[in-house]
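*Asks:* Here it is: the structure, laid out below.
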Amino acid sequence: MSMLNEGAVSAALKSVQDPELGKSLADLRMIDQIRIAPPGTVTVKIDLPTHAYPRREKLAETIRQAVQSKLPEAQTVNVEFSIKTKGKDSGGALGLHVKNVIAVGSGKGGVGKSTIAASIAYGLTLLGAKVGLLDADVYGPSIPHMMGVNQRPEIQEKVGSNGQKINRIQPIEKDGLKIMSMGFLVPPEQAVVWRGPMLHQALTQFLKDTEWGELDYMIIDMPPGTGDVSLTLSQLLGLAGAVVVCTPQQVALLDAVKAISMFRTVKIPVLGIVENMSGEIFGRGGAQRKATEMGLPFLGEVPIDGSLCVNGDAGRIKDNFAEGSPARAALLSICENVAMQVVRELASGPAMPTLEIL
């Protein structure tokens with residue numbers, strides 16, 4: 001009698017570790033289905049925790065070797081992948097259907113934080129995820145210009161769960177990315193002069209009253225520095241983590257350390273550091289050394305290149321991801337690293353949670 005059955009294959013895979021996350025496929029709840037058909041052929045369906053999962057063929061080969069080493073009668077082992085984005089219920093208290101909210105901040109202005117935030121959002125969209133981009137830098141909103149959108153969002157009247165009519169803000173969509181910003185609501189030359197309570201109210205409205213829909217990720221472009229926006233967000237949301245952007249020189253790293261301290265103070269996990277404008281002018285490697293010193297992941301570096309500035313000024317962030325762009329590989333790597341670090345944060349617990357958006 002053949003020993004090749006679903007139970008035997010499941011047992012063969014029980015101790016197989018995911019090469020990226022260092023935990024067993026069983027603990028990570030990544031094995032979705034096992035099929036034996038036709039005789040001698042095994043098909044294993046794996047749920048990947050993010051669209052940004054790298055080196056899928058390495059995982060597939062690990063699975064093939066594990067099955068065939070213990071079950072020689074498995075002549076062919078096929079591995080199929082599907083995506084089931086894992087995350088914490090980041091915005092459940094506000095009624096948001098978002099699996100992971102990620103803040104992108106910096107200790108000071110002028111380090112390219114908004115460029116990195118927009119690039120992470122666009123890159124994750126390019127990889128297949130459902131993404132929203134919230135420009136929380138209400139005093140200097142630059143996302144509308146960088147993404148090449150300038151129309152006002154529509155307000156639609158809907159009926160709430162209690163039967164009452166409510167107004168919902170419709171985010172602007174560009175290249176599959178949902179975007180909301182104060183820059184859509186005030187003229188570019190008009191300054192926003194607000195105290196903390198008004199800022200808190202605006203952020204709450206952008207989050208709670210905007211029709212974001214179901215999202216795998218929401219990327220929040222934070223104001224520079226260590227103001228009270230981080231405190232507001234920590235009170236409103238259970239953030240998946242924060243990305244800190246800095247340039248390589250020492251004076252920028254000093255401010256980045258303050259931003260890291262701020263996020264830690266308000267209990268927001270720091271996913272890692274991105275070095276922007278890396279190259280001849282500002283040097284290279286300072287952020288990586290600081291990340292190592294502080295025990296944080298280094299998420300990657302973006303080379304200093306004039307085309308990034310040109311594309312941002314022209315509202316064509318997506319051109320930085322085009323074939324031949326000097327920044328394409330670096331930006332995609334950063335997007336993958338950010339998404340995988342979110343998964344690692346989740347996997348560091350006793351077992352990977354499976355949260356479905358209802």
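Chain labels run A, B, ... following the order of the structure tokens; each chain numbers its residues from 1, and ligands are numbered from 1 in the order shown.
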Enumerate the residues of segment 266-350 of chain A with a DSSP assignment of helix (DSSP H, G or I), computed from the backbone, and present them as a PyMOL selection string.

*Replies:* chain A and resi 286-294+306-313+317-321+328-347

*Asks:* What's the 6 Å shell around segment 79-94 of chain A, counting only C-alpha atoms, without same-chain residues fewer than 5 positions away, as a list in words?

*Replies:*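 In the requested form, the answer reads Thr43, Val44, Lys45, Ile46, Asp47, Leu48, Pro49, Thr50, Ala60, Lys99, Asn100, Val101, Lys208, Leu237, Gly238 and Leu239 of chain A.
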
*Asks:* For the selection you just gave me, I'd like the residues written to a file as a compact mmCIF listing (two decimals), in the first residue's frame, keeping C-alpha atoms.

*Replies:*
```txt
# COMPACT_ATOMS: atom_id res chain seq x y z
CA THR A 43 0.87 19.49 -5.29
CA VAL A 44 1.44 21.74 -2.28
CA LYS A 45 -0.33 25.09 -2.19
CA ILE A 46 1.45 27.71 -0.06
CA ASP A 47 -0.07 30.94 1.21
CA LEU A 48 2.63 33.61 1.15
CA PRO A 49 2.21 36.29 3.86
CA THR A 50 2.95 39.22 1.52
CA ALA A 60 9.65 25.76 -3.49
CA LYS A 99 -4.12 44.88 7.59
CA ASN A 100 -0.94 46.91 8.12
CA VAL A 101 -0.42 50.62 8.74
CA LYS A 208 -12.12 57.39 9.82
CA LEU A 237 -4.11 52.92 15.45
CA GLY A 238 -2.13 49.80 16.21
CA LEU A 239 0.63 50.49 13.72
```

*Asks:* With a distance cut-off of 10 Å and only C-alpha atoms, select the neighbouring residues of segment 55-58 of chain A, excluding the residue or stretch itself and same-chain residues fewer than 3 positions from it, and output the selection as an mmCIF file with C-alpha atoms, in the first residue's frame.

*Replies:*
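Everything below was put into part02.cif:
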```cif
data_model
loop_
_atom_site.group_PDB
_atom_site.id
_atom_site.type_symbol
_atom_site.label_atom_id
_atom_site.label_comp_id
_atom_site.auth_asym_id
_atom_site.auth_seq_id
_atom_site.Cartn_x
_atom_site.Cartn_y
_atom_site.Cartn_z
ATOM 1 C CA ASP A 18 10.606 28.992 5.845
ATOM 2 C CA PRO A 19 14.046 30.157 4.618
ATOM 3 C CA GLU A 20 13.109 33.836 4.986
ATOM 4 C CA LEU A 48 2.630 33.611 1.151
ATOM 5 C CA ALA A 52 6.688 41.138 -1.537
ATOM 6 C CA GLU A 61 12.907 23.794 -3.720
ATOM 7 C CA THR A 62 13.036 23.411 0.075
ATOM 8 C CA ILE A 63 9.528 21.909 -0.023
ATOM 9 C CA ARG A 64 10.365 19.556 -2.903
ATOM 10 C CA VAL A 79 4.475 23.996 -5.440
ATOM 11 C CA PHE A 81 1.745 30.025 -4.442
#
```

*Asks:* Skipping near chain neighbours, those fewer than 3 positions away, what residues fall within 8 Å of segment 301-305 of chain A using only C-alpha atoms, listed as a PyMOL selection string?

*Replies:* chain A and resi 274-279+308-309+326-327+330-331+334

*Asks:* Leaving out Met147 of chain A and any residue of its chain fewer than 5 positions from it, which residues lie within 7 Å of it when counting only C-alpha atoms, given as a PyMOL selection string?

*Replies:* chain A and resi 315-317

*Asks:* With a distance cut-off of 12 Å and only C-alpha atoms, select the neighbouring residues of Ala347 of chain A, excluding the residue or stretch itself and same-chain residues fewer than 3 positions from it, and output the selection as a ChimeraX atom specification.

*Replies:* /A:18,20-30,49,86-88,340-344,350-354

*Asks:* Do you have the atom CA of Ala136 of chain A-atom CA of Pro248 of chain A distance handy?

*Replies:* 24.8 Å

*Asks:* Please compute the atom CA of Ile36 of chain A-atom CA of Glu6 of chain A distance, one decimal, in Å.

*Replies:*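 Between atom CA of Ile36 of chain A and atom CA of Glu6 of chain A the gap is 6.9 Å.
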